[in-house]
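Novice: My questions all concern the structure below.
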Amino acid sequence: MIKFLLQRPIAVLMAFTAFFIIGLVTYFTIPISLLPDIAIPEITVQVAGQNTSARELENTVVKPIRQQLMQVAGLKDVHSETRDGASIIRLNFEFGTNTDLAFIEVNEKIDAAMNYLPKEIERPRVIKASATDIPVFYLNLTLKTNENEKSGIDESAFLDLCQFAETVIKRRIEQLPEVAMVDITGIQKRQLQIVPDMKLMKIADITLDELESALNSNNIEPGSMVVRDGYYEYNIKFSTLLRTPEDVQNIYIRKNGRIFQLKDLANIAIVPEKETGLSLAGNKRAVTLAVIKQSDENMDNMKEALKEVTDYFASVYPDIEFSITRNQTELLDYTISNLKQNLSLGFIFICIVAILFLGDVKSPAVIGLSIIVSLTISFLFFYLCNMSLNIISLSGLILALGMMIDSSIVVTENITQYRAKGDSLEEACIKGTTEVITPMLSSTFTTIAVFLPLVFMSGIAGAIFYDQAFAVTVGLMVSYFTGIMLLPILYKLVYSIPEIKHSFINLKINNLVKEHTLDRFYDGGVDFIFDHKRSSLIFVIITVPLCVVLFYVIPKSRMPEIDQNELIVHLEWNENIHIDENRKRVSSIFAQADKLGAEHTAYIGQQQFLLNRDRELSVSEAELYLKTLSTKDIAPLQSDIQQWIKQSYPNAVVSFAPPETVFEKLFVTGEADIVTELYTRNKTEAPVASTLFNLEKALTAKTGILPVGIAFDDQLNISIDRQKLLLYNVDYNEVYKILKTAFKENEVTTLRSYQQYLPITLAGNEQSINQVLSNTLIRTSPAKSGEEPQYIPLQSLVHITQGEDLKTITAGKNGEYIPFSFYNVDDAEHLMGKVKETVQNWDVDFSGSFFSNKQMLNELVIILFISLLLMYFILAAQFESFLQPLIVLLEIPIDVAAALLVLWLCGHSLNLMSAIGIVVTCGIVINDSILKLDAINELRKEGRPLMESIHEAGRRRLRPIIMTSLTTIFGMVPLLFSFDMGSELQKPLSIAMISAMLLGTAVSLFVIPLIYWYIYRKHA
C-alpha cells in the first residue's frame, strides 16, 4: 500500500490538502462553550399554596405528590423543601437519562396526584433544568445620585428607573438576536392604595364590604357584540374598566338615599407596593437584569452586542450607572484562550525536542507539518459530530497532541534508520513505514481502549469525559493515518530537495549522535540493571503493595479544588425581621468586605426572577455575591464574615457556596461533604426549637465542626372567637377583610391602565399589631330591624398566641427529616460515628458528596481493570502470545505508584481528573514497551542471541521511545504554569501523567528487558 501511495504523491497531497482546507473552514464555525452541552438531569416541581402554612402544604399536597414522583423511572433522588405558601420538589436523575421522557412522565404522575389534592390547589409547575437558563452575566442599574436618602424625590427617581429598566432597557436587550431572554429583579412596583377614613365611613354607614363591591362593579368588561347596519357590521364593546386613578376617585356609592364619591371617603394615591425584597449593587439600590444567551449563539458576539447597547444608554442617560457582575464570558475567554495557548506552546516544545534529537530541521518540519494537518482535520470531525470546543475537548486535544506526534516520530525515525543502512530514499520510506504499521496500530488501540470505558462511568464523569475521549480518539486515529499515508510522501519530497549546509548547532548535535551518546547511555543502563537483577526484581515486586497503600493514604475528592475569587453567602437571620433591618445587617457585612476591596451585590428578601428554580428567599433571608481581587482573599473574607455573624447574630444560619455557573451546575462542588438526616420517631409531635438548638451545640462539641443547621419561624396565631361572632352577629368574612385591610394585605381589584396593570388595595394607616386590634372597630348587624348598628373593638373578637415552627420542612425518599450539613470534613467515617453517638434518640441517615465520591473512585478502579483487560486482548492479538502482554502490563503498577506518590507529595487529592490521568497514562506508557518487545521479537526471529537482541532493539528504538515520551510530557507541561479553570482542572491530570511517564519510560527502557530476559532466558 505504501508503495502504491508513493507512486501517486500528488493525488495523496491533494486529498489531504482538501481535508485540511475543509477542517480549517469548519474550525471557525465550531461552537465555543465553557463545558460540553450536557443535559442537566434535574427536574423541578414548584407547588404553590397561597395562604397555606408549611405544615398543611407538606401534609396535604407535597407528600402525596412526592410519593407519586418516586415511581418515575431512572429517579436517583427526590428532595423537597416546603415553606409557607410554596414548595420546591427537586428530582435528580442519573446522567444519560432522557430528560425529555422523564419530563413527560413527571407531568403524568402529577396529573395522577391531582385527584388526591385539595381542589383549591393550582396544578404544580414542572420545569426541566437547562444549562442555557443560567445567566451569562447580571447587569445592575443604579442611580448615580444618592437614592438611599428617604426623600420623596429619591423614591420617585428610583420608581422611574424601575419603569425605564422594565419597559425600555429590558426590551432593547431582548431584541438582540444573541439574547434569549432577560430576567429582572429589584423592581419597586406601584399600587393604587385606598386608605378609607373610618370615621367618615362610619358616618356614611358604609362598610368595607360595600366599598369592595363598588370597586368590583365599576371594574368589569362584560364583552362585545356584533351589530349589522346595512352593508356593514360593527363590533360594539361594553366596558366599565378602571384605567386611571381619577376613574377610581370618581366612583359613586349610594347609601341610605345619599350619593358619595370614593374620593370623599378615602385617600387615593399611587404608592410603592409593600416591599418584600430588593437588590443591591455596591450597597446602592439596584435593578438587576439577568441576561440569558441563545443556546446556539456565540458568547463573544453577544458580549459585543450588549456592550454597544449599554454604552449607548450610558451616554444618553448619564444619571444611570451600568455595572456587570457574575460575568461568565470572562471565565470562558480566559479559559479557552489559555488552553489554546497551551496547545500552541505544547506544539512548540515538541518541535524543539524533535530538532534536538533528529539533528536537522527537515525531519521536525515533516513531523510538524503532519501534526498541523492532523489537528486541522480533527476539527472536521468535531464539526460533523456536533462537538464544541470547550475546556474538556481542548484539554483532550492537548493530551492527544503528545501522543499524536508519536506516530510521526516513529515513522520518521524508522525511515531514517533504513536510509542509514544504505537503502534508497523511496525504499527507506516503504520499508520504514511498513514495518511499524502494526505496532503503531496496536499502540493507538491500546490508548483508545483506556478512554472507551470512561464513557460508561455513571454520573457526571461518564457524561462529561465523552468529549475528552472523543478528542483523543479522533486525534489519534487521524494522526495514525496521516503518519502512514501522508508523512512518507512528505519525507520523500522534502529529502529530494538538495541538501542545505547545516549550521554549527546542528553539526554539534549530529556529532553527539554519531558518537553514540544515547546508545552508550542505554547500554550502560541495561548493564546496570542486569548487574543488579535481584534488587530490580524486588523493586518491581514491592510496587504492588506500595500502590495499594498509597491508594488508601492519599486524600480523595470528586473534583480538584479550584481557586475562585467569587463567593456566594446565603444568610437566614432566623429572626422575624423586616426588609429594612435585613438591609441594615447586609450593609454591615459589606463593610467587612470593603476592607479587602471586594466587589459585592446582594439579593435581600423575595426576588422577582421568573427562572428562579431554587428555593425562594424570604424577607428574613439574603444572598450575597462577593468578588475579591485575588483568590487568596476569599478564605480570610469568608472567615471574617462567619466570625462577625456568629458574634453579632448567633442564631443566624449562614452557608457559603461558589456562584452558579454551568460548571457548578454540573459538578455541584458546593455540596456538603456529609448531610446528617434526622428522622423523628414520634410522628405526633413537631420538633421543638430548643431541642434542635441543643442538638446542634452537642454535634458541634462532639465533631469539632459547626454544622449548617435549621431555621425556625416565629409566628403570631390569630384565632377568631366563633361564639362571640354569633353573640354580636358579626360575619366571619367581614372580620377577615378588616384584618387584611388593617395589615395592608387586602388586594381588591386591578387598575388596567392599558399596558400597565396596577393592583388596587385597601389599606389602613401604619400601626402596630396591638394598635390595630384596639383601634379598629367592627360593625355589628342589628338583631332587630330598625335598630342602629353597633361598633365593637376588634380585639374583643380575636385572640393572639405566639407560635414557632420550622421555617422549611425538608423531606426526601424516606419522608420528612431534619438536616444538618457538615463541610470541610477530613474523616467522614469518624464524623458519622460521632453523630450516631450524639443522636441516639433519632433515626439517622447520611448523604452528601462523600458517598458520590466514593462511588466514583470505586468505578474508576473497575474501569482500570476493564482497560487492562482490553489492552491485554489487543496485545495478545499483536504478539500472538498470552505471556508477552503480561510483561508489558507489569509496568502499570509501577507507574501508578509513581503517580500517586507525586500527587500526594504535591498536596493533590485522588480525584476524577488525577484518576483519569493515571488511567490514561497506563494506555500511553506501554506504547514504549510495545515498540521495544516488537523489535526484540523481530531480531530473535532473525536468529540473534537474546542479549544481543535486547541491546540492538534498545538502540534501534531508543530515540523514538525517548522522543515520544518527552513530547507527551512537554505537551502537558504548559498546564502546570497557568491558573485558569481549564488548567486547574487538568493540573492533577498533568502531574499524574508527567510523573508516571518519567518513571514509565525508564521502566520500558531498562526493567521490561530484564523481565523479558528472565522469562525467555532458557530459550536463548
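Chain labels A, B, ... are given in the sequence in which chains occur in the C-alpha cells; within each chain residues are numbered consecutively from 1, and ligands are likewise numbered from 1 in the order shown.
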Just the residues within 7 Å of segment 429-441 of chain A, please, counting only C-alpha atoms, with nothing from its chain fewer than 5 positions along; format it as a list in words.

Specialist: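 Once the adjacent positions are removed, what remains is Ile2, Lys3, Ser407, Val411, Asn414, Ile415, Tyr418, Ile484, Pro488, Ile930 and Leu931 of chain A.
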
Novice: Save out the residues we just selected, N, CA and C atoms, as a short mmCIF file (atom, residue, chain, number, x, y, z; two decimals), in the first residue's frame.

Specialist:
```
data_model
loop_
_atom_site.label_atom_id
_atom_site.label_comp_id
_atom_site.auth_asym_id
_atom_site.auth_seq_id
_atom_site.Cartn_x
_atom_site.Cartn_y
_atom_site.Cartn_z
N ILE A 2 1.94 1.24 0.82
CA ILE A 2 2.82 2.41 0.90
C ILE A 2 3.47 2.67 -0.45
N LYS A 3 3.87 1.59 -1.15
CA LYS A 3 4.47 1.74 -2.47
C LYS A 3 3.48 2.35 -3.45
N SER A 407 3.30 8.84 16.43
CA SER A 407 3.24 8.12 15.16
C SER A 407 4.21 8.71 14.15
N VAL A 411 7.61 6.77 12.60
CA VAL A 411 7.76 6.56 11.15
C VAL A 411 9.01 7.27 10.64
N ASN A 414 12.21 5.54 11.81
CA ASN A 414 12.43 4.25 11.16
C ASN A 414 12.91 4.44 9.73
N ILE A 415 12.33 5.41 9.03
CA ILE A 415 12.79 5.69 7.66
C ILE A 415 14.25 6.14 7.67
N TYR A 418 16.64 3.19 7.99
CA TYR A 418 16.83 2.42 6.75
C TYR A 418 17.69 3.19 5.75
N ILE A 484 1.01 7.19 8.37
CA ILE A 484 1.36 6.10 7.45
C ILE A 484 1.05 6.44 5.99
N PRO A 488 5.16 9.65 4.81
CA PRO A 488 6.20 9.12 3.91
C PRO A 488 6.35 9.96 2.63
N ILE A 930 5.72 -1.72 23.97
CA ILE A 930 5.25 -2.44 22.78
C ILE A 930 6.29 -2.34 21.66
N LEU A 931 6.78 -1.12 21.41
CA LEU A 931 7.81 -0.94 20.38
C LEU A 931 9.06 -1.76 20.70
#
```

Novice: When you look at Val248 of chain A with a cut-off of 12 Å (counting only C-alpha atoms), what residues show up, excluding the ones that are within fewer than 3 positions of it in the same chain? I need them as a PDB file with N, CA and C atoms, in the first residue's frame.

Specialist:
```
ATOM      1  N   LEU A 192     -52.221  51.185  43.454  1.00  0.00           N
ATOM      2  CA  LEU A 192     -53.179  52.238  43.784  1.00  0.00           C
ATOM      3  C   LEU A 192     -53.738  51.900  45.163  1.00  0.00           C
ATOM      4  N   GLN A 193     -53.353  52.693  46.134  1.00  0.00           N
ATOM      5  CA  GLN A 193     -53.739  52.406  47.513  1.00  0.00           C
ATOM      6  C   GLN A 193     -54.931  53.279  47.932  1.00  0.00           C
ATOM      7  N   ILE A 194     -55.920  52.648  48.508  1.00  0.00           N
ATOM      8  CA  ILE A 194     -57.104  53.336  49.024  1.00  0.00           C
ATOM      9  C   ILE A 194     -57.081  53.184  50.546  1.00  0.00           C
ATOM     10  N   LEU A 211     -67.648  48.849  50.069  1.00  0.00           N
ATOM     11  CA  LEU A 211     -66.601  49.555  49.312  1.00  0.00           C
ATOM     12  C   LEU A 211     -65.996  48.636  48.259  1.00  0.00           C
ATOM     13  N   GLU A 212     -65.725  47.398  48.644  1.00  0.00           N
ATOM     14  CA  GLU A 212     -65.177  46.416  47.696  1.00  0.00           C
ATOM     15  C   GLU A 212     -66.158  46.149  46.566  1.00  0.00           C
ATOM     16  N   ALA A 214     -68.403  48.132  45.368  1.00  0.00           N
ATOM     17  CA  ALA A 214     -68.426  49.276  44.452  1.00  0.00           C
ATOM     18  C   ALA A 214     -67.236  49.249  43.508  1.00  0.00           C
ATOM     19  N   LEU A 215     -66.068  48.911  44.025  1.00  0.00           N
ATOM     20  CA  LEU A 215     -64.870  48.847  43.181  1.00  0.00           C
ATOM     21  C   LEU A 215     -65.002  47.748  42.130  1.00  0.00           C
ATOM     22  N   ASN A 216     -65.481  46.598  42.538  1.00  0.00           N
ATOM     23  CA  ASN A 216     -65.600  45.477  41.601  1.00  0.00           C
ATOM     24  C   ASN A 216     -66.684  45.716  40.554  1.00  0.00           C
ATOM     25  N   SER A 217     -67.791  46.306  40.957  1.00  0.00           N
ATOM     26  CA  SER A 217     -68.885  46.537  39.995  1.00  0.00           C
ATOM     27  C   SER A 217     -68.530  47.610  38.986  1.00  0.00           C
ATOM     28  N   ASN A 218     -67.588  48.479  39.318  1.00  0.00           N
ATOM     29  CA  ASN A 218     -67.160  49.517  38.380  1.00  0.00           C
ATOM     30  C   ASN A 218     -65.916  49.116  37.587  1.00  0.00           C
ATOM     31  N   ASN A 219     -65.534  47.870  37.691  1.00  0.00           N
ATOM     32  CA  ASN A 219     -64.309  47.433  37.003  1.00  0.00           C
ATOM     33  C   ASN A 219     -64.560  46.103  36.307  1.00  0.00           C
ATOM     34  N   THR A 240     -66.529  49.008  31.431  1.00  0.00           N
ATOM     35  CA  THR A 240     -66.516  49.985  32.534  1.00  0.00           C
ATOM     36  C   THR A 240     -65.239  49.806  33.349  1.00  0.00           C
ATOM     37  N   LEU A 241     -64.141  49.596  32.604  1.00  0.00           N
ATOM     38  CA  LEU A 241     -62.872  49.327  33.287  1.00  0.00           C
ATOM     39  C   LEU A 241     -62.315  50.588  33.919  1.00  0.00           C
ATOM     40  N   LEU A 242     -61.651  50.381  35.070  1.00  0.00           N
ATOM     41  CA  LEU A 242     -60.920  51.461  35.735  1.00  0.00           C
ATOM     42  C   LEU A 242     -59.545  51.555  35.100  1.00  0.00           C
ATOM     43  N   ARG A 243     -59.232  52.713  34.501  1.00  0.00           N
ATOM     44  CA  ARG A 243     -57.955  52.842  33.801  1.00  0.00           C
ATOM     45  C   ARG A 243     -57.041  53.895  34.408  1.00  0.00           C
ATOM     46  N   THR A 244     -57.582  54.856  35.125  1.00  0.00           N
ATOM     47  CA  THR A 244     -56.766  55.926  35.711  1.00  0.00           C
ATOM     48  C   THR A 244     -57.170  56.105  37.176  1.00  0.00           C
ATOM     49  N   PRO A 245     -56.265  56.696  37.979  1.00  0.00           N
ATOM     50  CA  PRO A 245     -56.628  56.972  39.379  1.00  0.00           C
ATOM     51  C   PRO A 245     -57.882  57.845  39.481  1.00  0.00           C
ATOM     52  N   ILE A 251     -65.650  57.135  41.491  1.00  0.00           N
ATOM     53  CA  ILE A 251     -66.658  56.087  41.672  1.00  0.00           C
ATOM     54  C   ILE A 251     -67.740  56.590  42.638  1.00  0.00           C
ATOM     55  N   TYR A 252     -69.015  56.344  42.278  1.00  0.00           N
ATOM     56  CA  TYR A 252     -70.149  56.774  43.104  1.00  0.00           C
ATOM     57  C   TYR A 252     -70.665  55.589  43.926  1.00  0.00           C
ATOM     58  N   ILE A 253     -71.019  55.900  45.179  1.00  0.00           N
ATOM     59  CA  ILE A 253     -71.596  54.906  46.085  1.00  0.00           C
ATOM     60  C   ILE A 253     -72.894  55.478  46.658  1.00  0.00           C
ATOM     61  N   GLN A 261     -68.922  60.103  46.520  1.00  0.00           N
ATOM     62  CA  GLN A 261     -67.800  59.725  45.648  1.00  0.00           C
ATOM     63  C   GLN A 261     -66.705  59.118  46.527  1.00  0.00           C
ATOM     64  N   LEU A 262     -65.987  58.170  45.924  1.00  0.00           N
ATOM     65  CA  LEU A 262     -64.983  57.452  46.706  1.00  0.00           C
ATOM     66  C   LEU A 262     -63.901  58.394  47.246  1.00  0.00           C
ATOM     67  N   LYS A 263     -63.576  59.442  46.498  1.00  0.00           N
ATOM     68  CA  LYS A 263     -62.536  60.366  46.943  1.00  0.00           C
ATOM     69  C   LYS A 263     -62.957  61.143  48.187  1.00  0.00           C
ATOM     70  N   ASP A 264     -64.317  61.166  48.480  1.00  0.00           N
ATOM     71  CA  ASP A 264     -64.793  61.848  49.683  1.00  0.00           C
ATOM     72  C   ASP A 264     -64.648  60.975  50.920  1.00  0.00           C
ATOM     73  N   LEU A 265     -64.504  59.669  50.709  1.00  0.00           N
ATOM     74  CA  LEU A 265     -64.468  58.734  51.832  1.00  0.00           C
ATOM     75  C   LEU A 265     -63.077  58.150  52.093  1.00  0.00           C
ATOM     76  N   ALA A 266     -62.145  58.356  51.162  1.00  0.00           N
ATOM     77  CA  ALA A 266     -60.831  57.709  51.313  1.00  0.00           C
ATOM     78  C   ALA A 266     -59.754  58.533  50.640  1.00  0.00           C
ATOM     79  N   ASN A 267     -58.530  58.293  51.082  1.00  0.00           N
ATOM     80  CA  ASN A 267     -57.358  58.899  50.457  1.00  0.00           C
ATOM     81  C   ASN A 267     -56.842  57.945  49.385  1.00  0.00           C
ATOM     82  N   ILE A 268     -56.800  58.405  48.139  1.00  0.00           N
ATOM     83  CA  ILE A 268     -56.442  57.535  46.997  1.00  0.00           C
ATOM     84  C   ILE A 268     -55.174  58.067  46.345  1.00  0.00           C
ATOM     85  N   ALA A 269     -54.174  57.204  46.211  1.00  0.00           N
ATOM     86  CA  ALA A 269     -52.903  57.645  45.611  1.00  0.00           C
ATOM     87  C   ALA A 269     -52.126  56.433  45.098  1.00  0.00           C
ATOM     88  N   ILE A 270     -51.293  56.682  44.077  1.00  0.00           N
ATOM     89  CA  ILE A 270     -50.380  55.635  43.589  1.00  0.00           C
ATOM     90  C   ILE A 270     -49.128  55.675  44.460  1.00  0.00           C
ATOM     91  N   THR A 749     -58.936  44.693  43.513  1.00  0.00           N
ATOM     92  CA  THR A 749     -59.101  44.542  42.067  1.00  0.00           C
ATOM     93  C   THR A 749     -57.861  45.119  41.384  1.00  0.00           C
ATOM     94  N   THR A 750     -57.949  45.367  40.068  1.00  0.00           N
ATOM     95  CA  THR A 750     -56.789  45.804  39.299  1.00  0.00           C
ATOM     96  C   THR A 750     -57.126  47.028  38.465  1.00  0.00           C
ATOM     97  N   LEU A 751     -56.189  47.970  38.450  1.00  0.00           N
ATOM     98  CA  LEU A 751     -56.317  49.157  37.601  1.00  0.00           C
ATOM     99  C   LEU A 751     -55.644  48.853  36.268  1.00  0.00           C
ATOM    100  N   ARG A 752     -56.445  48.776  35.192  1.00  0.00           N
ATOM    101  CA  ARG A 752     -55.909  48.375  33.890  1.00  0.00           C
ATOM    102  C   ARG A 752     -55.608  49.617  33.058  1.00  0.00           C
ATOM    103  N   SER A 753     -54.426  50.189  33.289  1.00  0.00           N
ATOM    104  CA  SER A 753     -54.062  51.393  32.533  1.00  0.00           C
ATOM    105  C   SER A 753     -53.309  50.981  31.273  1.00  0.00           C
ATOM    106  N   ILE A 760     -55.123  47.353  43.009  1.00  0.00           N
ATOM    107  CA  ILE A 760     -55.844  48.322  43.861  1.00  0.00           C
ATOM    108  C   ILE A 760     -56.035  47.655  45.221  1.00  0.00           C
ATOM    109  N   THR A 761     -55.494  48.275  46.256  1.00  0.00           N
ATOM    110  CA  THR A 761     -55.545  47.680  47.584  1.00  0.00           C
ATOM    111  C   THR A 761     -56.244  48.604  48.569  1.00  0.00           C
TER     112      THR A 761
END
```

Novice: Leaving out segment 857-872 of chain A and any residue of its chain fewer than 5 positions from it, which residues lie within 9 Å of it when counting only C-alpha atoms, given as an MDAnalysis selection string?

Specialist: chainID A and resid 442 445:447 449:454 456:458 556:558 852 877 882 885:886 888:889 910:912 915:916 919 922:923

Novice: Include N, CA and C atoms and write out the residues we just selected as a short mmCIF file (atom, residue, chain, number, x, y, z; two decimals), in the first residue's frame.

Specialist:
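Result file result.cif:
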```cif
data_model
loop_
_atom_site.label_atom_id
_atom_site.label_comp_id
_atom_site.auth_asym_id
_atom_site.auth_seq_id
_atom_site.Cartn_x
_atom_site.Cartn_y
_atom_site.Cartn_z
N SER A 442 -1.46 -1.08 17.15
CA SER A 442 -1.69 -1.64 18.48
C SER A 442 -1.56 -0.56 19.55
N PHE A 445 -4.67 1.62 19.44
CA PHE A 445 -5.85 0.94 20.00
C PHE A 445 -5.75 0.77 21.52
N THR A 446 -4.54 0.51 22.03
CA THR A 446 -4.41 0.37 23.48
C THR A 446 -4.70 1.68 24.19
N THR A 447 -4.30 2.80 23.57
CA THR A 447 -4.60 4.11 24.17
C THR A 447 -6.09 4.40 24.12
N ALA A 449 -8.38 2.21 24.00
CA ALA A 449 -9.04 1.25 24.88
C ALA A 449 -9.13 1.76 26.30
N VAL A 450 -8.22 2.66 26.68
CA VAL A 450 -8.27 3.25 28.01
C VAL A 450 -9.44 4.21 28.12
N PHE A 451 -9.68 4.96 27.06
CA PHE A 451 -10.71 6.00 27.11
C PHE A 451 -12.12 5.46 26.95
N LEU A 452 -12.29 4.41 26.18
CA LEU A 452 -13.64 3.91 25.92
C LEU A 452 -14.41 3.56 27.19
N PRO A 453 -13.81 2.83 28.15
CA PRO A 453 -14.58 2.52 29.37
C PRO A 453 -14.97 3.76 30.17
N LEU A 454 -14.21 4.86 30.04
CA LEU A 454 -14.54 6.07 30.80
C LEU A 454 -15.92 6.60 30.44
N PHE A 456 -18.51 4.99 29.96
CA PHE A 456 -19.58 4.22 30.58
C PHE A 456 -19.63 4.40 32.10
N MET A 457 -18.85 5.36 32.63
CA MET A 457 -18.96 5.67 34.05
C MET A 457 -20.32 6.29 34.33
N SER A 458 -20.84 6.05 35.53
CA SER A 458 -22.11 6.66 35.91
C SER A 458 -21.87 8.10 36.33
N LYS A 556 -9.01 11.89 49.04
CA LYS A 556 -9.87 11.64 47.88
C LYS A 556 -10.96 12.69 47.82
N SER A 557 -11.29 13.10 46.61
CA SER A 557 -12.37 14.05 46.38
C SER A 557 -12.95 13.82 45.00
N ARG A 558 -14.10 14.46 44.74
CA ARG A 558 -14.73 14.26 43.43
C ARG A 558 -13.99 15.03 42.35
N SER A 852 -20.97 9.98 46.92
CA SER A 852 -20.83 10.02 45.45
C SER A 852 -19.36 9.94 45.06
N ALA A 877 -3.32 -10.26 20.62
CA ALA A 877 -3.54 -10.42 19.18
C ALA A 877 -2.32 -9.97 18.40
N PHE A 882 0.17 -15.28 24.87
CA PHE A 882 -0.58 -14.96 26.08
C PHE A 882 0.34 -14.44 27.19
N PRO A 885 2.00 -10.05 26.61
CA PRO A 885 1.22 -8.90 27.09
C PRO A 885 1.34 -8.67 28.59
N LEU A 886 1.52 -9.76 29.35
CA LEU A 886 1.68 -9.61 30.80
C LEU A 886 2.99 -8.88 31.14
N VAL A 888 4.33 -6.54 29.32
CA VAL A 888 4.09 -5.12 29.05
C VAL A 888 3.24 -4.50 30.16
N LEU A 889 2.20 -5.22 30.57
CA LEU A 889 1.27 -4.66 31.56
C LEU A 889 1.86 -4.66 32.96
N LEU A 910 -6.65 12.40 45.18
CA LEU A 910 -7.04 11.47 44.12
C LEU A 910 -8.48 11.81 43.75
N ASN A 911 -8.62 12.55 42.68
CA ASN A 911 -9.94 12.98 42.25
C ASN A 911 -10.20 12.47 40.84
N LEU A 912 -11.31 12.91 40.30
CA LEU A 912 -11.69 12.42 38.98
C LEU A 912 -10.62 12.72 37.94
N ALA A 915 -7.29 10.76 38.62
CA ALA A 915 -7.53 9.34 38.32
C ALA A 915 -7.57 9.11 36.82
N ILE A 916 -8.19 10.05 36.09
CA ILE A 916 -8.21 9.94 34.62
C ILE A 916 -6.79 9.99 34.09
N VAL A 919 -5.18 6.61 34.63
CA VAL A 919 -5.72 5.61 33.72
C VAL A 919 -5.21 5.83 32.30
N CYS A 922 -1.61 4.81 31.76
CA CYS A 922 -1.45 3.36 31.62
C CYS A 922 -1.55 2.93 30.16
N GLY A 923 -2.38 3.64 29.39
CA GLY A 923 -2.51 3.30 27.97
C GLY A 923 -1.38 3.87 27.13
#
```

Novice: One decimal, Å: what's the distance from atom CA of Phe28 of chain A over to atom CA of Leu394 of chain A, could you say?

Specialist: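 Atom-to-atom, atom CA of Phe28 of chain A and atom CA of Leu394 of chain A are spaced 14.7 Å apart.
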
Novice: Give me every strand (DSSP E) residue in segment 730-920 of chain A, going by DSSP on the backbone, as a PyMOL selection string.

Specialist: chain A and resi 746-753+756-762+777-779+791-793+798-806+809-812+815-822+843-847

Novice: I'd like the contact shell of Ile110 of chain A - 12 Å cut-off, only C-alpha atoms, skipping same-chain residues fewer than 6 positions apart - returned as a short mmCIF file (atom, residue, chain, number, x, y, z; two decimals) with C-alpha atoms, in the first residue's frame.

Specialist:
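Written file, selection_18.cif:
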```cif
data_model
loop_
_atom_site.label_atom_id
_atom_site.label_comp_id
_atom_site.auth_asym_id
_atom_site.auth_seq_id
_atom_site.Cartn_x
_atom_site.Cartn_y
_atom_site.Cartn_z
CA VAL A 45 -41.64 20.88 40.56
CA GLN A 46 -42.95 24.15 42.00
CA VAL A 47 -46.00 23.88 44.26
CA VAL A 61 -50.08 18.47 48.88
CA VAL A 62 -46.32 17.92 48.80
CA LYS A 63 -46.26 14.49 50.43
CA PRO A 64 -48.82 12.93 48.01
CA ILE A 65 -47.01 14.44 45.01
CA ARG A 66 -43.62 13.24 46.29
CA GLN A 67 -44.93 9.70 46.74
CA GLN A 68 -46.25 9.68 43.19
CA LEU A 69 -42.98 11.06 41.78
CA MET A 70 -40.89 8.37 43.47
CA GLN A 71 -42.26 5.96 40.86
CA VAL A 72 -40.65 7.88 37.95
CA ILE A 89 -39.52 19.42 44.81
CA PHE A 103 -40.37 15.40 31.93
CA ILE A 104 -43.40 13.77 30.31
CA TYR A 116 -55.95 13.40 45.79
CA LEU A 117 -55.12 17.08 46.32
CA GLU A 122 -53.29 25.01 41.45
CA ARG A 123 -51.58 22.44 39.29
CA PRO A 124 -47.83 22.44 40.15
CA ARG A 125 -45.39 23.78 37.56
CA VAL A 126 -42.81 21.37 36.14
#
```

Novice: Determine, counting only C-alpha atoms, which protein, DNA and RNA residues have an atom within 8 Å of an atom of segment 597-600 of chain A; residues of the same chain fewer than 5 positions away are not included. Present the result as a list of chain:residue names.

Specialist: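 Surrounding residues, per the criterion: A:Ala281, A:Gly282, A:Asn283, A:Phe590, A:Leu624, A:Tyr625, A:Leu626, A:Lys627, A:Thr628, A:Leu629.
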
Novice: So which bits of segment 754-895 of chain A end up helix (DSSP H, G or I) when you DSSP the backbone, as a ChimeraX atom specification?

Specialist: /A:769-775,794-796,828-838,849-879,884-889,891-895

Novice: So that I can see what lies close to Gln795 of chain A, please list as a VMD selection string the residues with an atom at most 12 Å from it, counting only C-alpha atoms and leaving out residues fewer than 6 positions away in the same chain.

Specialist: chain A and resid 718 to 721 724 735 738 to 739 769 to 778

Novice: One decimal, in Å: what's the spacing between atom CA of Ala102 of chain A and atom CA of Thr44 of chain A?

Specialist: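 Atom-to-atom, atom CA of Ala102 of chain A to atom CA of Thr44 of chain A, that is 11.5 Å.
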
Novice: Excluding Ala953 of chain A and residues on its chain fewer than 2 positions from it, collect all residues at most 10 Å away from it, counting only C-alpha atoms, and give them as an MDAnalysis selection string.

Specialist: chainID A and resid 931:940 947:951 955:958 1009

Novice: What separation in Å, quoted to one decimal, exists between atom CA of Thr543 of chain A and atom CA of Met997 of chain A?

Specialist: 15.8 Å

Novice: Determine the nearest neighbour of Leu101 of chain A from the options A:Ile43, A:Leu200, A:Ala591, A:Thr60, counting only C-alpha atoms.

Specialist: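 Result for the nearest residue to Leu101 of chain A: A:Ile43.
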